[in-house]
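Worksheet: one structure, shown below.
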Amino acid sequence: MVKFLVQRPIAVLMAFTACFIVGLVTYFTLPVSLLPDIAIPEITVQVSAPNTSARELENTVVKPLRQQLIQVARLKDMDSETRDGAGLIRLNFDYGTNTDLAFIEVNEKIDAAMNYLPKDTDRPKVVKASATDIPVFYLSLTLKNDSAYGQTDERAFLDLCEFAESVIKRRIEQLTEVAMVDITGLVERQLQIVPDENKLAVLGLSIQDVETALAQNNVEPGSMTVRDGYYEYNIKFSTLLRTEDDVKNILINKEGRIIRLEEFCRIGVVPVKEKGVSVSNGKRAVTLAIIKQADENMDDMKQAIGGTMSYFQSVYPDIEFSVSRNQTELLDYTISNLQQNLSLGFLFICIVAVLFLGDVKSPFIIGLSMVVSIVICFLFFYLFKMSLNIISLSGLILALGMMIDSSIIVTENISQYRERGYSLRRACIAGTSEVISPMLSSSLTTIAVFVPLIFMSGIAGAIFYDQAFSVTVGLLVSYFTGIMLLPVLYMLVYRTGLRKSWFSRIRINNPIKDHTLDRFYDAGVDFIFAHKTASVVFCIVSVPLCVFMFYFIGKERMPEIDQNELIARVEWNENIHVDENRRRVDALFEIFRGETIEQTAAVGQQDYLLNREQALSSSEAELYFKTENPSEIASLQEKVYRSLKAEYPLAVVSFSPPETVFEKLFVTGEADIVAELYSRNNEKVPTADELRSLEDGFIARTGYAPTGIAFENQLNIRINKEKLLLYNVSYDELYRVLKTAFKENSVATLHSYQQYLPISIVGEEQTVNSILQETLVPTRADNKGIEYLPLRELVSVIPAEDLKSITAGRNGEYIPFRFYDVQNAEWLMQQAKEVADATGDWDTSFSGSFFSNRKMLDELVVILFISILLMYFILAAQFESFVQPLVVLLEIPIDVAFALVLLWICGHTLNLMSAIGLIVTCGIIINDSILKLDAINELRKTGMPLLEAIHEAGRRRLRPIIMTSLTTIFAMVPLLFSFDMGSELQKPLSIAMIGAMFIGTLVSLFIIPLIYWFIYKEKKC
């Protein structure tokens, strides 16, 4: 085949040029994204039931729903969280589940469960998790004239709210790249009616009379059609309330007296009582979450949004626009750095080639074939609908060092034949033909490592798919480029003859002059053979060292990513209102104003439509901090925690990275260990003191402080039913008076143009004690007309304390204690179980990232053995021997042991990415041994003595082995000095590969020949 190609160089060049041009064109059409398009296997069911307690909602709605949803196919895990008025059920599925079908099945189960729920229950909302639903960034609008951490101009802010909703939101949603704009921080309005209690008493009216009048004057019975000759008219009956004056002019007939509503009520449009606010850098803000269309390019969206923002800033100078949690910056920074690393790795490889080959022609040929290989790879990316993302690009970087191996081996082998006096054409044919078989084995053994990895469960398998695709395509393309294009290029470039250049003076291994590398190799082999016992002991000791390091080194799912952003979620654990919540947040922001470059906060309830998490309550806040450097985040987190605990010791504080596609997929903020405590006595409600005592016991026993359990203080109002009957007071009237007094009595709707405003009847602003003491309830005693009775005579108030949220899973309700940064998980679980068992009230089980990490590592070990088995089969076919593959594979435990030691020294753990590095290196490093043994076998067939064959084969393959190892190492080096997300992910992989490649090269050169000698010293070829 090679002879046929060399004889038709123009045809070969044209074919590869065509592929190169097509690959170059497709490169500019490839989608660019942060991560592969992986479906997030999560569905959320949101339950809403206003004015329902958490306990009632859990027992009547959430629990029946869980019992139905547990039957959904391929359900991996389920948990729920119930609070007053709202519940959230999270369903997690196995990766690879068709979430569209799961979404349909979940809705079917909910429809079936509706028959068992209370009749007035609203149908729960089902939300399918999607990476495209995660906002690309948040845009905060504030008034420039507002002072930070000060009072806001209410009138101006109302105008800003209306402007943001009607202009900014709509303008951004008109962009083709934007799917929708989710908005929060708006101030809503309502029509408020405040009755004068004294006038009500004088007129003999009640709240019920006001409600009845509003209902009678706010109806729309419908319309009818009448005919009048040739014409037909639509007659509409309507008495809808449309303006504030319509409400003021409502007439009430009381015992023959006509009274206007405005005569005894104060009526006006006012802001709705706020349940939450949005804050940006100390100022009240309206925040817009920008969500990208699924099939749009993020770069195009960034440009479109940037142009729109520039226009708004120039036209509206009084409004300040600030962007936070910007994933477009993360994408640009990461992709550009990975592309830069690809270029640097290629440059380092070319430098190595120049130094070893001694002239610029060979490196030029290698570099040209490499460029052609990489560009043709993009054609396969396009054909298989793959995107350029941090996983596929890092896979190309990983493949870069391996891809060049084929070119180096072919070029070096052709050069050796030319130095023996072969003609140019004959050297190209002989040199290429000789290495076709070992190169194919080398490529297949590396691919064999990756193929089993894509069958891993969970996110690991999905990630491996992109990386395996990049490496596999890169290796196969470079292999065929090396055996088809490279000999043709070599012949064309060297057609004028073998001319030495000044580079030959700096050549590391000049065959004519000093034989530096040859002398180094011969001396190394002689030293190893002179110390056979020590070398064998070294090999034997490496195996237990590998096992020990595997159990000793720290383990986690994913490497820690340095970020300059931090989310702190604070539950104040006190019954505070939104104003006090914001005051505390402002005070905290003021403390850390100089240490951060950006601060935003969601205080209390937010209005996002696509929020899949449990909504914040009025006593909760979500704080966002951004620092100049990622190194400042750890100290900032510690300071924030200390400040909050010092000022508010009851506060429950948790930290997590911002929600990004990366965080959503890898769940990096998950607790290491979650102790789930199930009550043995279902009739007994655990008290706050009991749970706090448990928490203190965990801290004292383990030294780890779990995330605290949040409680809420309640006022339980108990109605005296005997007095209701005695004074002839209806329950409905009492409830109506209470809702009015507490400003929760929304009774009708004002149908103004293009918007509806709620109409509420409220009382004057009073404390709870004042309301109980001063509020009067109308009674209808027989033959005495309406009389009034103090509210305190009919009700009693009992303070209580209960869990703020009820957590449950597959096995029912439990109390979760979450432990983070755990060093010895098994010891902690044992101690926590002993503390819980000592009370006699709890059954304990555990969950958390520790278990998923262990499962992942167990799968990796199994897959490693499968990969080694596949490599054995390939090598057995290559060498036509059952023994020689074992010689080659013997170096794997040696390489892995020292790679684990290097990881530990550098402060890294055994995680998914470092495990990839170890497994991939197992496939790469044996390539050197394959070349070596193949050359020894060929020389022994000629009758050369064993020891002499070992020396001669080593000298022949020395330069290719060292060059391929160095190029693989240098391809990884740029990743060590970059700090974007892609490089941070790949850094443990790089360190593992560099360590294994370094020690593996020495083992291939010196130890493998010794093992080969031990086996074949008594045998004749």
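To be explicit about the labels: the chains of the structure tokens are called A, B, and onward in the order shown, and within each one the residues are counted from 1, while ligands get numbers from 1 in the order they are shown.
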Within 12 Å of segment 28-43 of chain A, which residues of segment 55-115 of chain A show up? Give each one with its shortest atom-to-atom distance in Å (one decimal) and the two atoms involved, counting only C-alpha atoms, rows by chain then rising residue number, as a tab-separated table.
```
residue	atom	partner	partner_atom	distance
A:Leu69	CA	A:Ile43	CA	11.0
A:Val72	CA	A:Ile43	CA	11.3
A:Arg74	CA	A:Pro41	CA	10.2
A:Leu75	CA	A:Pro41	CA	9.5
A:Lys76	CA	A:Pro41	CA	9.5
A:Asp77	CA	A:Glu42	CA	9.7
A:Met78	CA	A:Glu42	CA	9.8
A:Asp79	CA	A:Ile43	CA	11.3
A:Ser80	CA	A:Ile43	CA	11.9
A:Leu88	CA	A:Ile43	CA	10.5
A:Ile89	CA	A:Ile43	CA	8.4
A:Arg90	CA	A:Ile43	CA	6.1
A:Leu91	CA	A:Ile43	CA	5.2
A:Asn92	CA	A:Glu42	CA	4.7
A:Phe93	CA	A:Pro41	CA	5.1
A:Asp94	CA	A:Pro41	CA	6.6
A:Tyr95	CA	A:Pro41	CA	6.0
A:Gly96	CA	A:Pro41	CA	7.7
A:Thr97	CA	A:Pro41	CA	6.7
A:Asn98	CA	A:Pro41	CA	8.1
A:Thr99	CA	A:Pro41	CA	6.3
A:Asp100	CA	A:Pro41	CA	9.9
A:Leu101	CA	A:Ile43	CA	11.3
A:Ala102	CA	A:Ile43	CA	8.3
A:Phe103	CA	A:Ile43	CA	7.1
A:Ile104	CA	A:Ile43	CA	10.8
A:Glu105	CA	A:Ile43	CA	11.0
A:Val106	CA	A:Ile43	CA	8.5
A:Asn107	CA	A:Ile43	CA	10.6
```
12 Å contact set for segment 252-266 of chain A, only C-alpha atoms, chain neighbours under 2 positions out, as a PyMOL selection string: chain A and resi 191-207+209-217+244-250+268-270+760-764
Mind listing the alpha helix (DSSP H) residues of segment 219-297 of chain A, per DSSP on the backbone, as a list in words?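 Here is the list: Glu244, Asp245, Asp246, Val247 and Lys248 of chain A.
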Writer output for current selection, C-alpha atoms, as a PDB file, in the first residue's frame:
```pdb
ATOM      1  CA  GLU A 244     -60.045  53.657  41.971  1.00  0.00           C
ATOM      2  CA  ASP A 245     -63.060  55.998  41.683  1.00  0.00           C
ATOM      3  CA  ASP A 246     -65.323  53.056  40.813  1.00  0.00           C
ATOM      4  CA  VAL A 247     -64.475  51.535  44.189  1.00  0.00           C
ATOM      5  CA  LYS A 248     -64.886  54.801  46.065  1.00  0.00           C
TER       6      LYS A 248
END
```
Restricting the calculation to only C-alpha atoms, which member of A:Asp153, A:Thr82, A:Ser343, A:Lys684 is positioned closest to Pro974 of chain A? A:Ser343
Polymer residues at most 10 Å from Ile376 of chain A, only C-alpha atoms, same-chain spacing of 3 or more positions, as a VMD selection string: chain A and resid 16 to 24 26 to 27 370 to 373 379 to 381 473 to 474 477 to 478 481
Write out as an MDAnalysis selection string which residues come within 9 Å of Gln773 of chain A when counting only C-alpha atoms, dropping same-chain ones fewer than 6 positions away. chainID A and resid 790:792
Excluding segment 885-899 of chain A and its own-chain neighbours fewer than 5 positions away, which residues fall within 8 Å of it when counting only C-alpha atoms? Please give them as a PDB file with N, CA and C atoms, in the first residue's frame.
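Wrote it out as selection_3.pdb, contents follow:
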```
ATOM      1  N   CYS A 539      10.619  -3.670  41.183  1.00  0.00           N
ATOM      2  CA  CYS A 539       9.372  -4.042  40.516  1.00  0.00           C
ATOM      3  C   CYS A 539       8.386  -4.656  41.502  1.00  0.00           C
ATOM      4  N   SER A 542       6.810  -2.119  43.927  1.00  0.00           N
ATOM      5  CA  SER A 542       5.892  -1.168  43.288  1.00  0.00           C
ATOM      6  C   SER A 542       4.440  -1.628  43.366  1.00  0.00           C
ATOM      7  N   VAL A 543       4.220  -2.948  43.352  1.00  0.00           N
ATOM      8  CA  VAL A 543       2.847  -3.454  43.368  1.00  0.00           C
ATOM      9  C   VAL A 543       2.141  -3.131  44.698  1.00  0.00           C
ATOM     10  N   LEU A 545       3.007  -0.868  46.796  1.00  0.00           N
ATOM     11  CA  LEU A 545       2.976   0.594  46.874  1.00  0.00           C
ATOM     12  C   LEU A 545       1.778   1.148  46.110  1.00  0.00           C
ATOM     13  N   CYS A 546       1.499   0.555  44.959  1.00  0.00           N
ATOM     14  CA  CYS A 546       0.344   0.987  44.160  1.00  0.00           C
ATOM     15  C   CYS A 546      -0.951   0.768  44.937  1.00  0.00           C
ATOM     16  N   VAL A 547      -1.092  -0.409  45.556  1.00  0.00           N
ATOM     17  CA  VAL A 547      -2.302  -0.718  46.336  1.00  0.00           C
ATOM     18  C   VAL A 547      -2.420   0.214  47.536  1.00  0.00           C
ATOM     19  N   MET A 549      -1.127   3.278  47.988  1.00  0.00           N
ATOM     20  CA  MET A 549      -1.431   4.655  47.592  1.00  0.00           C
ATOM     21  C   MET A 549      -2.881   4.797  47.148  1.00  0.00           C
ATOM     22  N   ILE A 868      -7.150  -3.455  30.577  1.00  0.00           N
ATOM     23  CA  ILE A 868      -5.905  -4.239  30.547  1.00  0.00           C
ATOM     24  C   ILE A 868      -6.132  -5.561  29.822  1.00  0.00           C
ATOM     25  N   TYR A 872      -4.298  -6.803  26.498  1.00  0.00           N
ATOM     26  CA  TYR A 872      -3.611  -8.100  26.434  1.00  0.00           C
ATOM     27  C   TYR A 872      -3.986  -8.846  25.152  1.00  0.00           C
ATOM     28  N   LEU A 875      -2.278  -7.153  22.161  1.00  0.00           N
ATOM     29  CA  LEU A 875      -0.833  -7.405  22.145  1.00  0.00           C
ATOM     30  C   LEU A 875      -0.529  -8.873  21.839  1.00  0.00           C
ATOM     31  N   ALA A 876      -1.382  -9.767  22.316  1.00  0.00           N
ATOM     32  CA  ALA A 876      -1.165 -11.192  22.015  1.00  0.00           C
ATOM     33  C   ALA A 876      -1.279 -11.426  20.518  1.00  0.00           C
ATOM     34  N   PHE A 879       2.068  -9.770  18.961  1.00  0.00           N
ATOM     35  CA  PHE A 879       3.320 -10.511  19.168  1.00  0.00           C
ATOM     36  C   PHE A 879       3.194 -12.002  18.877  1.00  0.00           C
ATOM     37  N   LEU A 918      -4.551   8.398  34.761  1.00  0.00           N
ATOM     38  CA  LEU A 918      -3.881   7.123  35.054  1.00  0.00           C
ATOM     39  C   LEU A 918      -4.254   6.048  34.035  1.00  0.00           C
ATOM     40  N   CYS A 922      -1.905   4.295  31.011  1.00  0.00           N
ATOM     41  CA  CYS A 922      -1.691   2.849  30.880  1.00  0.00           C
ATOM     42  C   CYS A 922      -1.729   2.433  29.409  1.00  0.00           C
ATOM     43  N   ILE A 926       2.645   1.947  27.342  1.00  0.00           N
ATOM     44  CA  ILE A 926       3.084   0.645  26.859  1.00  0.00           C
ATOM     45  C   ILE A 926       3.453   0.698  25.377  1.00  0.00           C
ATOM     46  N   SER A 929       7.100   0.281  25.044  1.00  0.00           N
ATOM     47  CA  SER A 929       7.524  -1.116  25.207  1.00  0.00           C
ATOM     48  C   SER A 929       7.165  -1.955  23.992  1.00  0.00           C
ATOM     49  N   ILE A 930       6.031  -1.637  23.363  1.00  0.00           N
ATOM     50  CA  ILE A 930       5.652  -2.359  22.144  1.00  0.00           C
ATOM     51  C   ILE A 930       6.709  -2.164  21.062  1.00  0.00           C
ATOM     52  N   ILE A 991      -0.960  16.004  35.728  1.00  0.00           N
ATOM     53  CA  ILE A 991       0.057  15.584  36.690  1.00  0.00           C
ATOM     54  C   ILE A 991       0.181  14.066  36.711  1.00  0.00           C
ATOM     55  N   ALA A 992      -0.963  13.381  36.685  1.00  0.00           N
ATOM     56  CA  ALA A 992      -0.932  11.912  36.677  1.00  0.00           C
ATOM     57  C   ALA A 992      -0.229  11.392  35.424  1.00  0.00           C
ATOM     58  N   MET A 993      -0.523  12.013  34.284  1.00  0.00           N
ATOM     59  CA  MET A 993       0.091  11.549  33.032  1.00  0.00           C
ATOM     60  C   MET A 993       1.584  11.854  32.999  1.00  0.00           C
ATOM     61  N   ILE A 994       1.967  13.050  33.451  1.00  0.00           N
ATOM     62  CA  ILE A 994       3.393  13.415  33.431  1.00  0.00           C
ATOM     63  C   ILE A 994       4.188  12.478  34.331  1.00  0.00           C
ATOM     64  N   GLY A 995       3.657  12.213  35.535  1.00  0.00           N
ATOM     65  CA  GLY A 995       4.356  11.308  36.449  1.00  0.00           C
ATOM     66  C   GLY A 995       4.476   9.911  35.878  1.00  0.00           C
ATOM     67  N   ALA A 996       3.373   9.402  35.330  1.00  0.00           N
ATOM     68  CA  ALA A 996       3.393   8.044  34.793  1.00  0.00           C
ATOM     69  C   ALA A 996       4.262   7.958  33.539  1.00  0.00           C
ATOM     70  N   MET A 997       4.227   9.005  32.689  1.00  0.00           N
ATOM     71  CA  MET A 997       5.039   8.977  31.470  1.00  0.00           C
ATOM     72  C   MET A 997       6.531   9.019  31.798  1.00  0.00           C
ATOM     73  N   ILE A 999       8.213   8.058  34.653  1.00  0.00           N
ATOM     74  CA  ILE A 999       8.730   6.795  35.197  1.00  0.00           C
ATOM     75  C   ILE A 999       8.536   5.658  34.192  1.00  0.00           C
ATOM     76  N   GLY A1000       7.437   5.757  33.388  1.00  0.00           N
ATOM     77  CA  GLY A1000       7.168   4.713  32.409  1.00  0.00           C
ATOM     78  C   GLY A1000       8.201   4.650  31.308  1.00  0.00           C
ATOM     79  N   VAL A1003      11.126   2.837  32.711  1.00  0.00           N
ATOM     80  CA  VAL A1003      10.815   1.407  32.831  1.00  0.00           C
ATOM     81  C   VAL A1003      10.862   0.742  31.459  1.00  0.00           C
ATOM     82  N   SER A1004      10.304   1.411  30.433  1.00  0.00           N
ATOM     83  CA  SER A1004      10.307   0.836  29.085  1.00  0.00           C
ATOM     84  C   SER A1004      11.722   0.665  28.558  1.00  0.00           C
ATOM     85  N   ILE A1008      11.938  -3.230  31.306  1.00  0.00           N
ATOM     86  CA  ILE A1008      11.284  -4.199  30.408  1.00  0.00           C
ATOM     87  C   ILE A1008      12.314  -5.103  29.712  1.00  0.00           C
ATOM     88  N   ILE A1011      13.293  -7.843  32.176  1.00  0.00           N
ATOM     89  CA  ILE A1011      12.267  -8.884  32.328  1.00  0.00           C
ATOM     90  C   ILE A1011      12.262  -9.798  31.104  1.00  0.00           C
ATOM     91  N   TYR A1012      12.393  -9.179  29.931  1.00  0.00           N
ATOM     92  CA  TYR A1012      12.454  -9.962  28.688  1.00  0.00           C
ATOM     93  C   TYR A1012      13.645 -10.915  28.724  1.00  0.00           C
TER      94      TYR A1012
END
```
What's the 12 Å shell around Ala534 of chain A, counting only C-alpha atoms, without same-chain residues fewer than 6 positions away, as a PDB file with C-alpha atoms, in the first residue's frame?
```
ATOM      1  CA  PHE A 527      23.745  -0.682  35.178  1.00  0.00           C
ATOM      2  CA  ILE A 528      20.358  -2.446  35.383  1.00  0.00           C
ATOM      3  CA  ILE A 540       8.017  -6.218  43.330  1.00  0.00           C
ATOM      4  CA  VAL A 541       7.776  -3.322  45.822  1.00  0.00           C
ATOM      5  CA  ILE A1007      13.320  -2.578  33.211  1.00  0.00           C
ATOM      6  CA  LEU A1010      15.586  -7.026  31.895  1.00  0.00           C
TER       7      LEU A1010
END
```
Please identify all polymer residues within 10 Å of Val493 of chain A, counting only C-alpha atoms, omitting same-chain residues fewer than 5 positions from it, and present them as a PyMOL selection string. chain A and resi 361-362+364-365+487-488+498
Cut-off 9 Å: closest segment 843-935 of chain A/segment 674-680 of chain A atom pairs per residue, using only C-alpha atoms, as a tab-separated table:
```
residue	atom	partner	partner_atom	distance
A:Asp843	CA	A:Tyr678	CA	5.1
A:Thr844	CA	A:Leu677	CA	4.8
A:Ser845	CA	A:Glu676	CA	5.2
A:Phe846	CA	A:Ala675	CA	4.8
A:Ser847	CA	A:Val674	CA	5.1
A:Gly848	CA	A:Val674	CA	5.4
A:Ser849	CA	A:Val674	CA	8.8
```
Tell me which of A:Thr1001, A:Gln606, A:Thr740, A:Gln878 sits closest to Leu933 of chain A, counting only C-alpha atoms.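 Between A:Thr1001, A:Gln606, A:Thr740, A:Gln878, the residue approaching Leu933 of chain A most closely is A:Gln878.
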Please compute the atom CA of Glu590 of chain A-atom CA of Val187 of chain A distance, one decimal, in Å. 24.5 Å
Point-to-point distance from atom CA of Ile936 of chain A to atom CA of Glu880 of chain A, Å rounded to tenths: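 One can read the atom CA of Ile936 of chain A to atom CA of Glu880 of chain A distance as 14.2 Å.
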Atomic distance atom CA of Val768 of chain A - atom CA of Val737 of chain A, expressed in Å with one decimal: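 Those two atoms sit 13.5 Å apart.
The residue that comes closest to Ile436 of chain A, out of A:Pro452, A:Gly229, A:Gly482, A:Pro9 and on the basis of only C-alpha atoms, is A:Gly482.
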Residue among A:Asn281, A:Ser693, A:Ser443, A:Gln830 lying closest to Phe625 of chain A, counting only C-alpha atoms: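 Using only C-alpha atoms, Phe625 of chain A sits closest to A:Asn281.
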